[in-house]
Amino acid sequence: MSQYPKELQYTKEHEWIRVDGTAGIVGITAFAIEQLGDVVHLDLPKVGAKFKAGESFGTIESTKTVSDLYMPVAGTVAEVNTALTNAPEDITQDPHGKNWLVKVTLEGAPSNLMTADQYQKYIAEASSH
Amino acid sequence: MDFLKKSTGHSVVLEEAPSFEISREGATAIGLPALDVPRVEPKKAFIKARVRKARLPELSEPEVMRHFTRMSTWNYAIDLGIYPLGSCTMKYNPRLNEEIARSGELSEAHPYDPPEWSQGHLQVMWELTEDLKGVTGMPGVSLQPAAGAHGELTGLMLVAAYHKAKKRDRKTILTADTAHGTNPASAALAGFQIVQIATGEDGVIHPEALAAVLNDDVAALMTTNPNTLGIFEKNIQTIANMLHEKDALLYIDGANLNAVLGLSRPGDFGADVIQFNLHKTFSTPHGGGGPGSGPIAVSERLLPFLPTPRLEKQDGKIVLVESTPQSIGRVKAFFGNYGMFIRAWCYIRALGGEGLRQVSENAILNANYMRSQLKDVLHMPVNAPTLHEVVFNDRNQRDLNLDTTKMAKRLIDYGMHPMTVHFPLCVKSAIMIEPTETESRSEMDRFVCALKEIIKTPDVEQAPTRVFREKVDETKAARELRLTYKFKD
């Protein structure tokens, strides 16, 4: 499937990050959105908030559940996708592109993240449970 | 599904508008005598008098009665049928409890009556305290917390007080991914940070997983036993020992106590604190029928910190003691929700020790009956022996365009409350069933029969369709949440 762009890196908690030098864009994957069902609320941090890698930076709420969002890499929030927080239901369209969650200024290099191929293998396994 | 051929109870269900819309100006349920003193303008009598008229509905007494009685016919209740909500223990509330708790001598007691006038009431509280100690094998009990989650918070405040008394600041509470859903919330409210432990393939916590995160910042581990998969934590004794070696504490969530009455006592495997949900285990009313009540029991370690006032016996009389310097103080006005203590006391007295043990044995038997009847149609992600509840998921149904939510919605059309869905979170699309000991085999067979029919002939897209309120738009409701009535003008 070409659904998961090769240039992104993925976490086990189903976030993705697009790294360009020290700038990163973070979002959640199409798989996560499919699992969540109808998204009703998105709670994102303020610009300037600092997070460690693996730390929860917000929550996403669907009619089924509320899930934490985890930061793939340590960094400071540089921009929040306010268009999306105002209309969280749009996340189903283009979740790996224009419907990103936050832009971050990275502190340190990404580690322990998956490539698109590894992530697809990972979710195929997760779906078989 | 013979029972579906005729609707039960009411031949016609009436629609009913909000009371604001059926209000008639001047209508009243009470006739007041004419004013025989000079009228005083509210503005003159009060510093802050309301400016706008309070738009309260105005109705006659029969209109009020019919308004609420009509709406009550839309309800589902434990008195109508099975309520197999896993992790909620929705058991029948015996009428004997209600009869006794509502008798005037008990229901009209005043909390400001001095203790010497209230020895009978204090005796009920004393005996309930002793019974709860007996059930858990733990030396201290406080009846004060107003509900289960309040009991959790109180327990965690005791944990914080314990570490504070030892002059150290511990910030971490560990929870298992099979812990009860309120645990991380209570820990956060009490000011702790939460670190989650993943359970093993067999659905229980492994000592190695605990060792990986156990350090000098851990205040306590919070988990449920049996856990939310209905599985007994077989390593719990080792886990308690590991925690105690670090002087960290073990919090057991009592939400699943209904599985172990007379079979296993938290005090015996090293628990330091547990909350009771009297509405789950001891048959007091649930939810809106409440109020709730969430007493706690503690180990020796936490005794000095228990809330005040405490009951003590002096010269054959029960007295209230406030002078305990290390106590965290009051957590509730007066003594807690006394009406619930009476109901729980009645339940315990009616059954006795042997009876309570049979409650748990029958709860386990019923849940395993459900498991045996459903295991061929529903997938069990963790296939281990289970106690009072059982967790499946929708893996076998995905090709049928059926999922957990759709099955649950369709069950409403069969006149049954659905099971718990999408919880515990460690199981994807979980279907969690807990019949409790109060369901008969025929009632459980109805449920199984309905679920199997739904799976065999899925007709779920618009479900529920047979009930008064048909399928609602949950997404719209969550996105455009409206909690108050908006007047049209």
# chains A, B, ... in the order shown; residues from 1 in each chain; ligands from 1
$ select_by_dssp --residues "segment 71-101 of chain A" --states "alpha helix (DSSP H)" --output "list in words"
Thr82, Ala83, Leu84, Thr85 and Asn86 of chain A
$ select_by_dssp --residues "segment 378-469 of chain B" --states "strand (DSSP E or B)" --output "ChimeraX atom specification"
/B:379,390-393,420-421,431-433
$ atom_distance --atom1 "atom CA of Ala32 of chain A" --atom2 "atom CA of His14 of chain A"
5.9 Å
$ closest_residue --among "A:Lys121, A:Lys103, A:His96, A:Lys64" --to "chain B" --atoms "only C-alpha atoms"
A:Lys64
$ residues_around --residues "Arg398 of chain B" --least-positions-apart "5" --cutoff "12 Å" --atoms "only C-alpha atoms" --output "PyMOL selection string"
(chain A and resi 127-129) or (chain B and resi 378-379+393+403-407+429+455+458)
$ write_last_selection --atoms "N, CA and C atoms" --output "JSON list (two decimals), in the first residue's frame"
[["chain", "number", "residue", "atom", "x", "y", "z"],
["A", 127, "SER", "N", -3.54, -6.06, 13.67],
["A", 127, "SER", "CA", -4.93, -6.31, 13.25],
["A", 127, "SER", "C", -5.32, -7.77, 13.37],
["A", 128, "SER", "N", -4.31, -8.66, 13.42],
["A", 128, "SER", "CA", -4.66, -10.08, 13.46],
["A", 128, "SER", "C", -5.07, -10.53, 14.86],
["A", 129, "HIS", "N", -4.95, -9.66, 15.86],
["A", 129, "HIS", "CA", -5.32, -10.04, 17.24],
["A", 129, "HIS", "C", -6.82, -9.93, 17.47],
["B", 378, "LEU", "N", -17.75, -15.96, 19.50],
["B", 378, "LEU", "CA", -16.93, -14.77, 19.70],
["B", 378, "LEU", "C", -15.49, -15.18, 19.99],
["B", 379, "HIS", "N", -14.56, -14.33, 19.53],
["B", 379, "HIS", "CA", -13.15, -14.61, 19.72],
["B", 379, "HIS", "C", -12.70, -14.15, 21.11],
["B", 393, "ASN", "N", -13.76, -10.28, 21.71],
["B", 393, "ASN", "CA", -13.78, -9.15, 20.80],
["B", 393, "ASN", "C", -14.51, -9.56, 19.51],
["B", 403, "ASP", "N", -19.56, -5.24, 13.95],
["B", 403, "ASP", "CA", -18.49, -4.96, 14.90],
["B", 403, "ASP", "C", -19.09, -4.84, 16.30],
["B", 404, "THR", "N", -18.22, -4.62, 17.25],
["B", 404, "THR", "CA", -18.64, -4.58, 18.65],
["B", 404, "THR", "C", -19.77, -3.59, 18.87],
["B", 405, "THR", "N", -19.61, -2.38, 18.34],
["B", 405, "THR", "CA", -20.62, -1.35, 18.57],
["B", 405, "THR", "C", -21.97, -1.76, 17.98],
["B", 406, "LYS", "N", -21.95, -2.26, 16.74],
["B", 406, "LYS", "CA", -23.20, -2.63, 16.08],
["B", 406, "LYS", "C", -23.91, -3.77, 16.83],
["B", 407, "MET", "N", -23.15, -4.74, 17.30],
["B", 407, "MET", "CA", -23.77, -5.84, 18.07],
["B", 407, "MET", "C", -24.42, -5.30, 19.34],
["B", 429, "SER", "N", -11.57, -3.46, 20.44],
["B", 429, "SER", "CA", -13.00, -3.72, 20.23],
["B", 429, "SER", "C", -13.55, -4.73, 21.24],
["B", 455, "ILE", "N", -25.64, -12.24, 15.31],
["B", 455, "ILE", "CA", -24.47, -12.63, 14.52],
["B", 455, "ILE", "C", -24.88, -13.44, 13.29],
["B", 458, "PRO", "N", -27.24, -10.63, 10.64],
["B", 458, "PRO", "CA", -26.95, -9.23, 11.00],
["B", 458, "PRO", "C", -27.91, -8.27, 10.30]]
$ residues_around --residues "Pro5 of chain A" --least-positions-apart "3" --cutoff "12 Å" --atoms "only C-alpha atoms" --output "list in words"
Met1, Ser2, Leu8, Gln9, Tyr10, Trp16, Ile17, Arg18, Thr29, Ala30, Asp94, Pro95, His96, Gly97, Met114, Thr115, Ala116, Asp117, Gln118, Tyr119 and Gln120 of chain A
$ interface_residues --of "chain A" --to "chain B" --cutoff "10 Å" --atoms "only C-alpha atoms" --output "NGL selection string"
:A and (35 or 37-41 or 61-67 or 87-89 or 126-129)
$ closest_residue --among "B:Ser186, B:Val213, B:Pro18, B:Thr172" --to "Met157 of chain B" --atoms "only C-alpha atoms"
B:Ser186
$ closest_residue --among "A:Phe57, A:Trp100, A:Tyr4, A:Phe31" --to "Thr82 of chain A" --atoms "only C-alpha atoms"
A:Trp100
$ residues_around --residues "Thr85 of chain A" --least-positions-apart "4" --cutoff "9 Å" --atoms "only C-alpha atoms" --output "list in words"
His41, Leu42, Asp43, Leu44, Val80, Asn81, Glu89 and Leu101 of chain A
$ write_last_selection --atoms "N, CA and C atoms" --output "compact mmCIF listing (two decimals), in the first residue's frame"
# COMPACT_ATOMS: atom_id res chain seq x y z
N HIS A 41 -13.11 15.19 19.30
CA HIS A 41 -12.41 16.25 20.01
C HIS A 41 -10.91 16.02 19.94
N LEU A 42 -10.19 17.13 19.86
CA LEU A 42 -8.74 17.05 19.77
C LEU A 42 -8.17 18.08 20.74
N ASP A 43 -7.30 17.64 21.63
CA ASP A 43 -6.73 18.53 22.62
C ASP A 43 -5.22 18.60 22.38
N LEU A 44 -4.76 19.75 21.90
CA LEU A 44 -3.34 19.89 21.55
C LEU A 44 -2.67 20.93 22.44
N VAL A 80 0.62 24.87 15.98
CA VAL A 80 -0.46 23.91 16.18
C VAL A 80 -1.44 24.05 15.03
N ASN A 81 -1.94 22.93 14.53
CA ASN A 81 -2.88 22.96 13.40
C ASN A 81 -4.27 23.35 13.91
N GLU A 89 -13.12 16.43 12.88
CA GLU A 89 -13.62 15.35 12.03
C GLU A 89 -12.89 15.30 10.68
N LEU A 101 -0.82 17.43 13.16
CA LEU A 101 -1.26 17.93 14.47
C LEU A 101 -0.43 19.12 14.94
$ residues_around --residues "Cys426 of chain B" --least-positions-apart "6" --cutoff "9 Å" --atoms "only C-alpha atoms" --output "PyMOL selection string"
chain B and resi 177-178+198-199
$ write_last_selection --atoms "N, CA and C atoms" --output "PDB file, in the first residue's frame"
ATOM      1  N   ASP B 177      -2.242  -2.215  32.522  1.00  0.00           N
ATOM      2  CA  ASP B 177      -3.153  -1.876  31.423  1.00  0.00           C
ATOM      3  C   ASP B 177      -4.493  -2.593  31.562  1.00  0.00           C
ATOM      4  N   THR B 178      -4.593  -3.475  32.553  1.00  0.00           N
ATOM      5  CA  THR B 178      -5.872  -4.121  32.864  1.00  0.00           C
ATOM      6  C   THR B 178      -6.495  -3.538  34.131  1.00  0.00           C
ATOM      7  N   ALA B 198       2.494  -2.951  30.963  1.00  0.00           N
ATOM      8  CA  ALA B 198       1.774  -3.836  30.039  1.00  0.00           C
ATOM      9  C   ALA B 198       1.715  -5.230  30.643  1.00  0.00           C
ATOM     10  N   THR B 199       0.552  -5.857  30.563  1.00  0.00           N
ATOM     11  CA  THR B 199       0.429  -7.228  31.061  1.00  0.00           C
ATOM     12  C   THR B 199       0.953  -8.207  30.014  1.00  0.00           C
TER      13      THR B 199
END
